[in-house]
$ cat data_27.cif   # mmCIF, C-alpha atoms
data_coords
#
loop_
_atom_site.label_atom_id
_atom_site.label_comp_id
_atom_site.auth_asym_id
_atom_site.auth_seq_id
_atom_site.Cartn_x
_atom_site.Cartn_y
_atom_site.Cartn_z
CA MET K 1 88.02 107.09 203.79
CA GLU K 2 90.61 109.86 203.94
CA TRP K 3 90.27 112.90 201.73
CA ALA K 4 93.41 114.01 199.92
CA GLU K 5 94.88 117.40 200.74
CA ILE K 6 94.47 119.42 197.54
CA ASP K 7 95.79 122.91 196.91
CA GLU K 8 92.73 125.14 196.56
CA ARG K 9 94.39 126.95 193.65
CA SER K 10 95.03 123.75 191.68
CA ALA K 11 92.90 122.95 188.64
CA TYR K 12 89.38 121.69 189.33
CA SER K 13 88.33 121.38 185.69
CA ALA K 14 89.13 122.63 182.20
CA CYS K 15 86.39 124.00 179.95
CA TYR K 16 86.46 125.42 176.45
CA THR K 17 84.67 128.30 174.77
CA THR K 18 82.34 127.51 171.87
CA GLY K 19 84.67 129.13 169.37
CA THR K 20 82.13 131.51 167.82
CA THR K 21 84.82 134.22 167.45
CA GLY K 22 87.73 131.92 166.57
CA ARG K 23 89.13 128.58 167.65
CA PRO K 24 87.91 127.35 171.08
CA LYS K 25 89.94 128.66 174.01
CA GLY K 26 90.73 126.61 177.10
CA VAL K 27 89.89 127.96 180.57
CA TYR K 28 91.01 126.25 183.77
CA TYR K 29 88.89 126.61 186.93
CA SER K 30 90.52 126.22 190.34
CA HIS K 31 88.88 124.59 193.39
CA ARG K 32 88.94 127.97 195.10
CA ALA K 33 87.32 129.74 192.14
CA ILE K 34 84.45 127.28 191.77
CA TYR K 35 83.74 127.33 195.53
CA LEU K 36 83.60 131.13 195.68
CA HIS K 37 81.50 131.21 192.51
CA ALA K 38 79.05 128.69 194.02
CA MET K 39 78.62 130.84 197.13
CA ALA K 40 78.01 133.99 195.07
CA GLU K 41 75.53 132.30 192.72
CA ALA K 42 73.59 130.67 195.57
CA ALA K 43 73.36 134.03 197.32
CA ALA K 44 72.26 135.86 194.17
CA LEU K 45 69.48 133.33 193.52
CA ASN K 46 68.53 133.07 197.19
CA MET K 47 68.97 129.29 197.11
CA GLY K 48 68.52 127.16 200.22
CA LEU K 49 67.67 123.79 201.73
CA ALA K 50 64.02 124.03 200.73
CA ASP K 51 64.82 124.34 197.02
CA THR K 52 64.67 121.75 194.27
CA THR K 53 66.97 122.62 191.37
CA MET K 54 66.39 121.19 187.89
CA LEU K 55 69.41 121.31 185.59
CA ILE K 56 67.88 121.59 182.13
CA THR K 57 70.85 122.67 180.07
CA PRO K 58 73.36 119.99 179.03
CA MET K 59 76.45 119.55 181.17
CA PHE K 60 78.57 120.97 178.35
CA HIS K 61 76.67 124.27 178.67
CA ALA K 62 78.38 126.93 180.80
CA GLN K 63 75.31 127.25 183.04
CA CYS K 64 75.96 123.71 184.25
CA TRP K 65 79.57 124.51 185.16
CA GLY K 66 78.46 126.47 188.22
CA LEU K 67 74.82 125.89 189.13
CA PRO K 68 75.23 122.21 190.16
CA GLN K 69 77.89 123.26 192.67
CA ALA K 70 75.78 126.18 193.91
CA ALA K 71 72.78 123.87 194.40
CA THR K 72 74.90 121.34 196.29
CA LEU K 73 76.40 124.06 198.47
CA ALA K 74 72.90 125.34 199.33
CA GLY K 75 71.63 121.82 200.14
CA SER K 76 69.11 121.89 197.31
CA LYS K 77 67.68 118.68 195.85
CA ILE K 78 68.83 118.23 192.25
CA VAL K 79 66.69 116.95 189.37
CA LEU K 80 68.39 115.74 186.16
CA PRO K 81 65.71 115.53 183.45
CA GLY K 82 68.10 114.28 180.74
CA ARG K 83 69.17 115.80 177.45
CA TYR K 84 66.69 118.45 176.32
CA ARG K 85 65.19 118.45 172.82
CA ALA K 86 62.80 120.93 171.27
CA ASP K 87 59.90 118.46 171.46
CA ASP K 88 60.47 117.66 175.16
CA ALA K 89 58.52 120.60 176.55
CA GLY K 90 55.80 118.28 177.88
CA LEU K 91 58.34 116.18 179.76
CA LEU K 92 59.86 119.27 181.33
CA VAL K 93 56.44 120.62 182.34
CA GLU K 94 55.70 117.27 183.97
CA ALA K 95 59.03 117.33 185.81
CA PHE K 96 58.39 120.86 187.09
CA SER K 97 55.11 119.68 188.60
CA LYS K 98 56.19 116.24 189.81
CA PHE K 99 59.33 117.36 191.63
CA HIS K 100 58.05 120.80 192.77
CA VAL K 101 60.98 122.51 191.08
CA SER K 102 61.81 125.92 192.54
CA VAL K 103 65.05 126.70 190.65
CA ALA K 104 65.85 125.83 187.02
CA ASN K 105 68.32 126.98 184.42
CA GLY K 106 67.78 127.47 180.73
CA ALA K 107 67.61 129.94 177.88
CA PRO K 108 64.81 131.53 175.84
CA ILE K 109 65.10 128.71 173.31
CA ILE K 110 64.21 126.30 176.17
CA PHE K 111 61.64 128.37 178.08
CA GLU K 112 59.64 129.50 175.02
CA PRO K 113 58.51 125.95 174.05
CA ILE K 114 57.53 125.36 177.69
CA LEU K 115 55.29 128.44 177.70
CA ASP K 116 53.89 127.50 174.28
CA TYR K 117 53.10 123.95 175.49
CA ILE K 118 51.34 125.24 178.62
CA ARG K 119 49.17 127.58 176.60
CA LYS K 120 48.31 125.17 173.79
CA ASN K 121 47.32 122.41 176.20
CA ASN K 122 45.60 124.70 178.72
CA ILE K 123 47.79 123.36 181.55
CA THR K 124 47.74 124.78 185.06
CA LEU K 125 51.28 124.80 186.46
CA ASP K 126 51.86 126.46 189.82
CA LEU K 127 55.44 127.71 190.04
CA ARG K 128 54.91 130.62 192.41
CA GLY K 129 58.21 131.48 194.02
CA ALA K 130 60.25 129.57 191.42
CA ARG K 131 63.30 131.21 189.87
CA LEU K 132 64.08 130.41 186.23
CA LEU K 133 67.66 131.42 185.45
CA SER K 134 67.90 132.45 181.79
CA GLY K 135 71.19 132.89 179.96
CA SER K 136 72.74 132.70 176.46
CA SER K 137 70.55 135.50 175.08
CA GLU K 138 68.26 138.18 176.45
CA PRO K 139 64.83 136.74 177.32
CA PRO K 140 62.05 138.53 175.41
CA LEU K 141 59.73 140.62 177.54
CA GLU K 142 56.74 138.64 176.27
CA LEU K 143 58.36 135.40 177.49
CA MET K 144 59.01 136.75 180.98
CA ARG K 145 55.51 138.19 181.24
CA GLY K 146 53.93 135.03 179.87
CA LEU K 147 55.64 132.65 182.31
CA SER K 148 54.83 134.98 185.19
CA GLU K 149 51.15 135.16 184.22
CA GLU K 150 50.75 131.44 183.44
CA THR K 151 52.82 129.90 186.25
CA GLY K 152 53.83 132.58 188.74
CA ALA K 153 57.53 131.86 188.11
CA GLU K 154 60.09 134.62 187.86
CA VAL K 155 62.45 134.58 184.89
CA ILE K 156 65.80 135.94 186.08
CA HIS K 157 68.14 137.23 183.43
CA ALA K 158 71.81 136.44 184.11
CA TYR K 159 75.05 137.24 182.33
CA GLY K 160 78.31 135.35 182.13
CA ALA K 161 80.74 133.41 179.97
CA THR K 162 83.06 130.42 179.97
CA GLU K 163 85.83 132.73 181.14
CA THR K 164 83.76 133.76 184.19
CA SER K 165 82.78 130.33 185.60
CA PRO K 166 80.12 131.59 184.38
CA VAL K 167 77.94 134.02 186.41
CA VAL K 168 78.97 137.65 186.87
CA ALA K 169 75.63 139.48 186.88
CA VAL K 170 72.09 138.52 187.94
CA ASN K 171 68.97 140.64 187.50
CA ARG K 172 67.28 140.91 190.88
CA ARG K 173 65.18 143.93 191.70
CA LYS K 174 66.40 146.42 194.28
CA PRO K 175 63.48 146.78 196.76
CA HIS K 176 63.26 150.57 196.59
CA LEU K 177 62.75 150.52 192.82
CA SER K 178 59.25 149.10 193.28
CA ASP K 179 58.30 152.42 194.86
CA THR K 180 59.98 154.65 192.28
CA LEU K 181 59.30 152.91 188.95
CA GLY K 182 56.02 152.10 187.22
CA GLU K 183 55.03 148.58 186.17
CA SER K 184 56.17 148.99 182.55
CA GLU K 185 59.50 150.43 183.72
CA LEU K 186 60.02 147.51 186.09
CA TRP K 187 59.43 145.04 183.26
CA GLU K 188 61.91 146.92 181.06
CA LEU K 189 64.40 146.73 183.92
CA LYS K 190 64.11 142.92 183.92
CA ARG K 191 65.44 142.82 180.35
CA LYS K 192 68.82 144.06 181.53
CA GLN K 193 71.65 141.70 182.43
CA GLY K 194 71.45 142.85 186.04
CA LEU K 195 73.74 143.70 188.93
CA PRO K 196 77.28 142.34 189.36
CA VAL K 197 77.30 139.57 191.95
CA THR K 198 79.39 139.94 195.09
CA GLY K 199 83.07 139.49 194.30
CA VAL K 200 83.00 140.70 190.69
CA ASP K 201 84.64 143.96 189.60
CA LEU K 202 82.97 145.20 186.41
CA VAL K 203 83.89 148.30 184.41
CA LEU K 204 83.02 149.72 181.00
CA LEU K 205 86.06 150.86 179.02
CA ASP K 206 86.02 152.92 175.83
CA GLU K 207 88.36 152.25 172.91
CA ASN K 208 91.07 154.25 174.70
CA GLY K 209 90.74 152.20 177.90
CA GLN K 210 88.94 154.95 179.81
CA PRO K 211 86.12 154.05 182.26
CA GLN K 212 82.63 155.11 181.18
CA PRO K 213 80.08 156.74 183.53
CA HIS K 214 77.06 154.86 184.88
CA ASP K 215 74.45 156.98 183.12
CA GLY K 216 72.61 154.33 181.10
CA ALA K 217 73.79 155.92 177.85
CA SER K 218 77.60 155.81 177.72
CA VAL K 219 78.74 152.67 175.93
CA GLY K 220 81.89 150.69 176.60
CA GLU K 221 83.38 147.22 176.46
CA ILE K 222 82.46 145.11 179.49
CA CYS K 223 85.67 144.24 181.36
CA LEU K 224 85.74 141.93 184.37
CA ARG K 225 88.02 140.69 187.10
CA GLY K 226 87.44 138.69 190.25
CA PRO K 227 88.33 135.47 192.09
CA TRP K 228 86.62 133.26 189.48
CA ILE K 229 87.41 135.31 186.35
CA THR K 230 90.15 133.74 184.26
CA ALA K 231 93.48 135.54 184.07
CA ARG K 232 94.70 133.74 180.95
CA TYR K 233 93.82 131.15 178.33
CA HIS K 234 95.46 127.76 178.29
CA ALA K 235 98.48 127.53 175.96
CA MET K 236 97.52 130.70 174.05
CA PRO K 237 100.28 133.31 174.59
CA ASP K 238 98.96 135.26 171.61
CA SER K 239 95.72 136.08 173.48
CA GLU K 240 97.24 138.68 175.80
CA ASP K 241 95.20 141.40 174.11
CA ARG K 242 92.09 139.91 175.77
CA PHE K 243 93.38 141.12 179.16
CA THR K 244 94.20 144.61 180.39
CA SER K 245 97.44 145.49 182.15
CA ASP K 246 95.62 145.71 185.49
CA GLY K 247 94.02 142.26 185.27
CA TYR K 248 90.60 142.76 183.62
CA TRP K 249 89.33 140.20 181.12
CA ARG K 250 87.99 141.96 178.01
CA SER K 251 84.67 140.27 177.27
CA GLY K 252 84.14 141.55 173.73
CA ASP K 253 80.64 142.59 174.80
CA VAL K 254 79.46 146.19 174.60
CA GLY K 255 77.04 147.62 177.13
CA THR K 256 75.86 150.40 179.42
CA ILE K 257 75.36 150.68 183.19
CA ASP K 258 72.53 152.83 184.53
CA ALA K 259 72.45 155.00 187.66
CA ASN K 260 71.07 152.07 189.70
CA GLY K 261 74.02 149.87 188.70
CA TYR K 262 72.17 147.63 186.22
CA LEU K 263 74.20 146.34 183.29
CA LYS K 264 72.63 146.25 179.83
CA LEU K 265 74.34 144.39 177.02
CA THR K 266 73.88 146.23 173.73
CA ASP K 267 75.92 143.99 171.42
CA ARG K 268 79.04 141.99 170.78
CA ILE K 269 81.86 144.16 169.46
CA LYS K 270 81.99 141.97 166.35
CA ASP K 271 78.19 142.25 165.89
CA VAL K 272 77.71 146.00 166.42
CA ILE K 273 76.31 147.55 163.25
CA LYS K 274 77.74 150.92 162.18
CA SER K 275 75.61 152.62 159.56
CA GLY K 276 76.46 156.08 158.28
CA GLY K 277 78.72 156.66 161.28
CA GLU K 278 75.98 155.76 163.80
CA TRP K 279 75.75 152.60 165.95
CA ILE K 280 72.78 150.24 165.72
CA SER K 281 72.13 147.61 168.41
CA SER K 282 71.24 144.26 166.85
CA ILE K 283 70.03 143.00 170.25
CA ASP K 284 67.47 145.80 170.62
CA LEU K 285 66.15 145.14 167.10
CA GLU K 286 65.95 141.39 167.73
CA ASN K 287 63.98 141.84 170.93
CA ALA K 288 61.61 144.27 169.24
CA LEU K 289 60.99 141.75 166.43
CA LEU K 290 60.29 139.07 169.05
CA GLY K 291 57.59 141.38 170.38
CA HIS K 292 55.54 140.83 167.21
CA PRO K 293 52.95 138.07 167.79
CA ALA K 294 53.90 136.25 164.58
CA VAL K 295 57.64 136.01 165.32
CA ARG K 296 59.08 133.00 167.14
CA GLU K 297 62.81 133.65 166.56
CA ALA K 298 64.71 136.67 165.29
CA ALA K 299 68.24 137.66 164.39
CA VAL K 300 69.70 140.91 163.05
CA VAL K 301 73.10 141.25 161.41
CA GLY K 302 75.02 143.98 159.63
CA VAL K 303 75.99 143.53 155.98
CA PRO K 304 78.22 145.81 153.85
CA HIS K 305 76.52 148.69 152.07
CA ARG K 306 77.94 150.78 149.23
CA ARG K 307 76.83 154.10 150.70
CA TRP K 308 76.22 153.62 154.42
CA GLN K 309 79.11 151.27 155.24
CA GLU K 310 76.70 148.77 156.81
CA ARG K 311 72.98 148.24 156.97
CA ALA K 312 70.91 146.04 159.26
CA VAL K 313 69.26 142.92 157.83
CA GLY K 314 66.71 140.92 159.84
CA VAL K 315 65.91 137.21 159.74
CA VAL K 316 62.81 135.80 161.45
CA VAL K 317 61.20 132.43 162.04
CA LEU K 318 57.41 132.59 162.32
CA TYR K 319 55.07 130.61 164.52
CA GLU K 320 53.43 127.69 162.75
CA GLY K 321 50.31 128.62 160.80
CA VAL K 322 50.80 132.40 160.81
CA THR K 323 51.92 134.80 158.12
CA VAL K 324 53.23 138.34 158.17
CA THR K 325 54.61 140.62 155.47
CA GLU K 326 58.00 142.24 155.50
CA GLN K 327 56.36 145.67 155.48
CA GLU K 328 54.30 144.78 158.56
CA LEU K 329 57.46 143.81 160.42
CA ARG K 330 59.23 146.99 159.35
CA GLY K 331 56.21 149.00 160.47
CA HIS K 332 56.31 147.21 163.83
CA LEU K 333 59.91 148.37 164.29
CA ALA K 334 59.29 151.88 162.96
CA SER K 335 57.26 152.76 166.06
CA ARG K 336 60.33 152.23 168.29
CA PHE K 337 63.34 152.99 166.10
CA ALA K 338 64.54 155.79 163.87
CA LYS K 339 64.07 155.20 160.15
CA TRP K 340 67.79 154.65 159.54
CA GLN K 341 67.91 151.97 162.26
CA VAL K 342 65.12 149.83 160.82
CA PRO K 343 66.42 146.94 158.66
CA GLU K 344 65.82 147.57 154.97
CA ARG K 345 65.21 143.86 154.49
CA ILE K 346 63.67 141.28 156.81
CA PHE K 347 63.78 137.71 155.53
CA VAL K 348 61.54 134.85 156.69
CA ALA K 349 63.49 131.62 157.23
CA SER K 350 62.66 128.09 158.32
CA HIS K 351 65.29 128.22 161.06
CA ILE K 352 68.06 130.37 162.49
CA PRO K 353 71.43 128.62 162.82
CA ARG K 354 72.64 128.28 166.40
CA THR K 355 75.60 126.84 168.26
CA SER K 356 75.33 123.83 170.58
CA VAL K 357 74.55 126.19 173.48
CA GLY K 358 71.85 128.17 171.65
CA LYS K 359 73.81 131.22 170.47
CA ILE K 360 72.95 132.57 167.03
CA LYS K 361 75.62 131.93 164.39
CA LYS K 362 75.70 135.49 163.08
CA MET K 363 78.74 134.92 160.90
CA GLU K 364 76.83 132.22 159.04
CA LEU K 365 73.83 134.50 158.63
CA ARG K 366 75.98 137.32 157.26
CA GLU K 367 77.47 134.94 154.71
CA ARG K 368 74.05 133.61 153.77
CA PHE K 369 72.48 137.00 153.02
CA TRP K 370 75.57 138.92 151.90
CA ASP K 371 75.18 138.33 148.15
CA THR K 372 71.40 138.48 148.21
CA TYR K 373 71.41 141.91 149.79
CA MET K 374 74.34 143.40 147.87
CA LYS K 375 72.85 142.51 144.49
CA GLU K 376 69.66 144.45 145.16
#
$ encode --input "data_27.cif" --output "C-alpha cells"
Amino acid sequence: MEWAEIDERSAYSACYTTGTTGRPKGVYYSHRAIYLHAMAEAAALNMGLADTTMLITPMFHAQCWGLPQAATLAGSKIVLPGRYRADDAGLLVEAFSKFHVSVANGAPIIFEPILDYIRKNNITLDLRGARLLSGSSEPPLELMRGLSEETGAEVIHAYGATETSPVVAVNRRKPHLSDTLGESELWELKRKQGLPVTGVDLVLLDENGQPQPHDGASVGEICLRGPWITARYHAMPDSEDRFTSDGYWRSGDVGTIDANGYLKLTDRIKDVIKSGGEWISSIDLENALLGHPAVREAAVVGVPHRRWQERAVGVVVLYEGVTVTEQELRGHLASRFAKWQVPERIFVASHIPRTSVGKIKKMELRERFWDTYMKE
C-alpha cells in the first residue's frame, strides 16, 4: 500500500464550537497542527508506551479531538468504553480496574459520579500513578482530594477550546513549589488552569489591548496564538474582532497569571458579574458552593438589579436525601466572600441545564430566574 503525499497544512478535520455564545463556528485543523498538538499534549501528560488511555468523553467533545492522537503518538493502548451516561459510573469503575487505565479524560460531571459510586459501594480501586485529565469546568477541590484519597489518581486540570485543538494549558506542579508551599496552598494551586504547554503563546490583555502583569491579581482577557491555534473561522468574515492584529485569538475568557506562571480562569467575559462597579467571579462562588457537603452541582449568574446594576444569584442541586437552607448556604459563602459578593438568593433546583459537552447554560438560567428575582 502506498501512502498519498498530503500537504501538512491541508485540512485534517473540521470541528464546530457548541454555540453557547452565538451560532456554532467552524474551525479547520491541519495535519501539521494536530501532530504538533499531539506531541505537546503527550509531553504535558507524560504519556508513554506503558500507558493505557481510556477515552471517556464522546468523540464530539473537544477533549477527544486531540487526546486520541496524543495517545497513539505515545504508543499508549486505547480503551473505548462507549457512550457515557450518568448511571454508568459502575461500568467505568470496572473498566478502570480491568484494563489498568493510567490516563483518562473527563470532566467534573463525569468524575463526581465515579467518586460517589466508589464511596457508596466501598470499592477499593488502585489508580496510583494515573492521570485524570479534567476539562469543561474547574474541578472542585473536594473532587480532586477525594479521588486522590480513594484511588491514588491525580486529577489534572486542563484548559482549552475548540479553537485551540483543544489543549493550551495543563496544571502540573513545578517541583520546587513542593518545598515552598504548604499542603493547602498546593491544593489551591491545583484548581488553576495551569501552565501553557510548549508551543503556546498566552497573554492577558486589558480592554485597551495592553498586556497585564503576572501578579496573580491583574485581570485580562486570555489571548492565544500558536501552531495549533486557529487564525480564522470558516466562512465567517464578520468574526475578525475575535482576533488581534498580531495574530492572537481572543478567547472571551477572563483570568489572571501568577508569579509562577499559572493561569487562573476567573470568568467568561459574558458571565462576569458587575455589581455596584465591582467585579464578582461566578466561578469562585460556584466552587465555594460545591465545597458545601450538601451541594452536588452549582451555578451562579448575574441578573439585573435596580440599584446595583447586577447582583449574583445562585442555583444548586443537592445530593439525594439531604436538605440545606438558603441561609446556611449564604453563611457558608460569607466566610470566604465580602457581603456584597454573596448571592442575595440561592435557589434549589432539580437540575442545572447543560450543553452536550457539560457546560452550564447560563443564558437559560438567567432567563429562568430573571422575573422571579426582579419582582422581589
$ resolve_selection --input "data_27.cif" --expression "the PyMOL selection byres ((chain K and resi 295) around 12)" --output "MDAnalysis selection string"
chainID K and resid 112 140 142 286:294 296:299 314:326 328:329 332 346:351
$ resolve_selection --input "data_27.cif" --expression "the PyMOL selection byres ((chain K and resi 1-12) around 9)" --output "list in words"
Ser13, Ala14, Tyr28, Tyr29, Ser30, His31, Arg32, Ala33 and Ile34 of chain K
$ write_last_selection --input "data_27.cif" --atoms "C-alpha atoms" --output "short mmCIF file (atom, residue, chain, number, x, y, z; two decimals), keeping the file's coordinate frame"
data_model
loop_
_atom_site.label_atom_id
_atom_site.label_comp_id
_atom_site.auth_asym_id
_atom_site.auth_seq_id
_atom_site.Cartn_x
_atom_site.Cartn_y
_atom_site.Cartn_z
CA SER K 13 88.33 121.38 185.69
CA ALA K 14 89.13 122.63 182.20
CA TYR K 28 91.01 126.25 183.77
CA TYR K 29 88.89 126.61 186.93
CA SER K 30 90.52 126.22 190.34
CA HIS K 31 88.88 124.59 193.39
CA ARG K 32 88.94 127.97 195.10
CA ALA K 33 87.32 129.74 192.14
CA ILE K 34 84.45 127.28 191.77
#
$ closest_residue --input "data_27.cif" --among "K:Ala231, K:Trp249, K:Lys264, K:Pro213" --to "K:Asp201" --atoms "only C-alpha atoms"
K:Trp249
$ closest_residue --input "data_27.cif" --among "K:Pro24, K:Pro227, K:Gly261, K:Gly82" --to "K:Pro166" --atoms "all atoms listed in the file"
K:Pro227
$ closest_residue --input "data_27.cif" --among "K:Ala74, K:Ile273, K:Leu265, K:Ile257" --to "K:Pro211" --atoms "all atoms listed in the file"
K:Ile257
$ residues_around --input "data_27.cif" --residues "K:Ala338" --least-positions-apart "6" --cutoff "12 Å" --atoms "only C-alpha atoms" --output "list of chain:residue names"
K:Glu278, K:Trp279, K:Ile280, K:Leu285, K:Arg330, K:Gly331, K:His332
$ write_last_selection --input "data_27.cif" --atoms "C-alpha atoms" --output "mmCIF file, in the coordinates of the input"
data_model
loop_
_atom_site.group_PDB
_atom_site.id
_atom_site.type_symbol
_atom_site.label_atom_id
_atom_site.label_comp_id
_atom_site.auth_asym_id
_atom_site.auth_seq_id
_atom_site.Cartn_x
_atom_site.Cartn_y
_atom_site.Cartn_z
ATOM 1 C CA GLU K 278 75.980 155.760 163.800
ATOM 2 C CA TRP K 279 75.750 152.600 165.950
ATOM 3 C CA ILE K 280 72.780 150.240 165.720
ATOM 4 C CA LEU K 285 66.150 145.140 167.100
ATOM 5 C CA ARG K 330 59.230 146.990 159.350
ATOM 6 C CA GLY K 331 56.210 149.000 160.470
ATOM 7 C CA HIS K 332 56.310 147.210 163.830
#
$ closest_residue --input "data_27.cif" --among "K:Tyr262, K:Phe99, K:Phe111, K:Tyr84" --to "K:Ala169" --atoms "all atoms listed in the file"
K:Tyr262
$ resolve_selection --input "data_27.cif" --expression "the PyMOL selection byres ((chain K and resi 62-73) around 8)" --output "ChimeraX atom specification"
/K:34-35,37-39,41-42,47-48,53,55,57-61,74-78,105-106,135,161-162,165-167
$ atom_distance --input "data_27.cif" --atom1 "atom CA of K:Leu132" --atom2 "atom CA of K:His214"
27.7 Å
$ residues_around --input "data_27.cif" --residues "K:Leu224" --least-positions-apart "5" --cutoff "9 Å" --atoms "only C-alpha atoms" --output "list in words"
Thr164, Val168, Val200, Asp201, Leu202, Val203, Leu204, Ile229, Gly247, Tyr248, Trp249, Arg250 and Ser251 of chain K
$ residues_around --input "data_27.cif" --residues "K:Glu188" --least-positions-apart "2" --cutoff "12 Å" --atoms "all atoms listed in the file" --output "number ranges by chain"
K: 138-142, 144-145, 157, 171, 173, 181-186, 190-194, 262, 264, 284, 287
$ residues_around --input "data_27.cif" --residues "K:Leu115" --least-positions-apart "2" --cutoff "12 Å" --atoms "all atoms listed in the file" --output "PDB file with C-alpha atoms, keeping the file's coordinate frame"
ATOM      1  CA  ALA K  89      58.520 120.600 176.550  1.00  0.00           C
ATOM      2  CA  GLY K  90      55.800 118.280 177.880  1.00  0.00           C
ATOM      3  CA  LEU K  92      59.860 119.270 181.330  1.00  0.00           C
ATOM      4  CA  VAL K  93      56.440 120.620 182.340  1.00  0.00           C
ATOM      5  CA  PRO K 108      64.810 131.530 175.840  1.00  0.00           C
ATOM      6  CA  ILE K 109      65.100 128.710 173.310  1.00  0.00           C
ATOM      7  CA  ILE K 110      64.210 126.300 176.170  1.00  0.00           C
ATOM      8  CA  PHE K 111      61.640 128.370 178.080  1.00  0.00           C
ATOM      9  CA  GLU K 112      59.640 129.500 175.020  1.00  0.00           C
ATOM     10  CA  PRO K 113      58.510 125.950 174.050  1.00  0.00           C
ATOM     11  CA  TYR K 117      53.100 123.950 175.490  1.00  0.00           C
ATOM     12  CA  ILE K 118      51.340 125.240 178.620  1.00  0.00           C
ATOM     13  CA  ARG K 119      49.170 127.580 176.600  1.00  0.00           C
ATOM     14  CA  LYS K 120      48.310 125.170 173.790  1.00  0.00           C
ATOM     15  CA  ASN K 121      47.320 122.410 176.200  1.00  0.00           C
ATOM     16  CA  ASN K 122      45.600 124.700 178.720  1.00  0.00           C
ATOM     17  CA  ILE K 123      47.790 123.360 181.550  1.00  0.00           C
ATOM     18  CA  THR K 124      47.740 124.780 185.060  1.00  0.00           C
ATOM     19  CA  LEU K 125      51.280 124.800 186.460  1.00  0.00           C
ATOM     20  CA  GLU K 142      56.740 138.640 176.270  1.00  0.00           C
ATOM     21  CA  LEU K 143      58.360 135.400 177.490  1.00  0.00           C
ATOM     22  CA  MET K 144      59.010 136.750 180.980  1.00  0.00           C
ATOM     23  CA  ARG K 145      55.510 138.190 181.240  1.00  0.00           C
ATOM     24  CA  GLY K 146      53.930 135.030 179.870  1.00  0.00           C
ATOM     25  CA  LEU K 147      55.640 132.650 182.310  1.00  0.00           C
ATOM     26  CA  SER K 148      54.830 134.980 185.190  1.00  0.00           C
ATOM     27  CA  GLU K 149      51.150 135.160 184.220  1.00  0.00           C
ATOM     28  CA  GLU K 150      50.750 131.440 183.440  1.00  0.00           C
ATOM     29  CA  THR K 151      52.820 129.900 186.250  1.00  0.00           C
ATOM     30  CA  GLY K 152      53.830 132.580 188.740  1.00  0.00           C
ATOM     31  CA  ALA K 153      57.530 131.860 188.110  1.00  0.00           C
ATOM     32  CA  VAL K 155      62.450 134.580 184.890  1.00  0.00           C
TER      33      VAL K 155
END
$ atom_distance --input "data_27.cif" --atom1 "atom CA of K:Met363" --atom2 "atom CA of K:Pro343"
17.4 Å
$ closest_residue --input "data_27.cif" --among "K:Ala40, K:Arg23, K:Asn260, K:Ile360" --to "K:Thr180" --atoms "only C-alpha atoms"
K:Asn260
$ atom_distance --input "data_27.cif" --atom1 "atom CA of K:Ala334" --atom2 "atom CA of K:Ala217"
21.2 Å
$ axis_aligned_box --input "data_27.cif" --around "stretch 105-112 of chain K" --padding-each-side "8 Å" --output "AutoDock Vina command-line options"
--center_x 64.0 --center_y 128.9 --center_z 178.9 --size_x 24.7 --size_y 21.2 --size_z 27.1
$ residues_around --input "data_27.cif" --residues "K:Val79" --least-positions-apart "6" --cutoff "10 Å" --atoms "all atoms listed in the file" --output "number ranges by chain"
K: 52-56, 95-96, 99, 101, 103-104
$ decode --input "data_27.cif" --residues "stretch 194-206 of chain K" --atoms "N, CA and C atoms" --output "PDB file, in the first residue's frame"
ATOM      1  N   GLY K 194      -3.500  26.119  34.979  1.00  0.00           N
ATOM      2  CA  GLY K 194      -2.172  25.551  34.803  1.00  0.00           C
ATOM      3  C   GLY K 194      -1.222  26.385  33.974  1.00  0.00           C
ATOM      4  N   LEU K 195      -0.195  25.714  33.464  1.00  0.00           N
ATOM      5  CA  LEU K 195       0.878  26.347  32.712  1.00  0.00           C
ATOM      6  C   LEU K 195       0.662  26.146  31.218  1.00  0.00           C
ATOM      7  N   PRO K 196       0.925  27.162  30.403  1.00  0.00           N
ATOM      8  CA  PRO K 196       0.821  26.976  28.955  1.00  0.00           C
ATOM      9  C   PRO K 196       1.739  25.852  28.492  1.00  0.00           C
ATOM     10  N   VAL K 197       1.227  24.985  27.621  1.00  0.00           N
ATOM     11  CA  VAL K 197       2.056  23.900  27.107  1.00  0.00           C
ATOM     12  C   VAL K 197       3.042  24.462  26.089  1.00  0.00           C
ATOM     13  N   THR K 198       4.107  23.708  25.841  1.00  0.00           N
ATOM     14  CA  THR K 198       5.140  24.138  24.911  1.00  0.00           C
ATOM     15  C   THR K 198       4.534  24.429  23.538  1.00  0.00           C
ATOM     16  N   GLY K 199       4.830  25.601  23.008  1.00  0.00           N
ATOM     17  CA  GLY K 199       4.339  25.988  21.692  1.00  0.00           C
ATOM     18  C   GLY K 199       3.222  27.002  21.719  1.00  0.00           C
ATOM     19  N   VAL K 200       2.647  27.257  22.911  1.00  0.00           N
ATOM     20  CA  VAL K 200       1.529  28.191  23.019  1.00  0.00           C
ATOM     21  C   VAL K 200       2.014  29.524  23.586  1.00  0.00           C
ATOM     22  N   ASP K 201       1.622  30.597  22.939  1.00  0.00           N
ATOM     23  CA  ASP K 201       1.912  31.959  23.395  1.00  0.00           C
ATOM     24  C   ASP K 201       0.621  32.514  23.995  1.00  0.00           C
ATOM     25  N   LEU K 202       0.640  32.777  25.302  1.00  0.00           N
ATOM     26  CA  LEU K 202      -0.554  33.206  26.029  1.00  0.00           C
ATOM     27  C   LEU K 202      -0.294  34.549  26.701  1.00  0.00           C
ATOM     28  N   VAL K 203      -1.194  35.508  26.469  1.00  0.00           N
ATOM     29  CA  VAL K 203      -1.094  36.814  27.115  1.00  0.00           C
ATOM     30  C   VAL K 203      -2.461  37.207  27.664  1.00  0.00           C
ATOM     31  N   LEU K 204      -2.431  38.093  28.660  1.00  0.00           N
ATOM     32  CA  LEU K 204      -3.655  38.691  29.185  1.00  0.00           C
ATOM     33  C   LEU K 204      -3.701  40.131  28.704  1.00  0.00           C
ATOM     34  N   LEU K 205      -4.780  40.502  28.033  1.00  0.00           N
ATOM     35  CA  LEU K 205      -4.911  41.860  27.514  1.00  0.00           C
ATOM     36  C   LEU K 205      -6.097  42.555  28.173  1.00  0.00           C
ATOM     37  N   ASP K 206      -5.886  43.830  28.576  1.00  0.00           N
ATOM     38  CA  ASP K 206      -6.995  44.589  29.143  1.00  0.00           C
ATOM     39  C   ASP K 206      -7.882  45.107  28.022  1.00  0.00           C
TER      40      ASP K 206
END
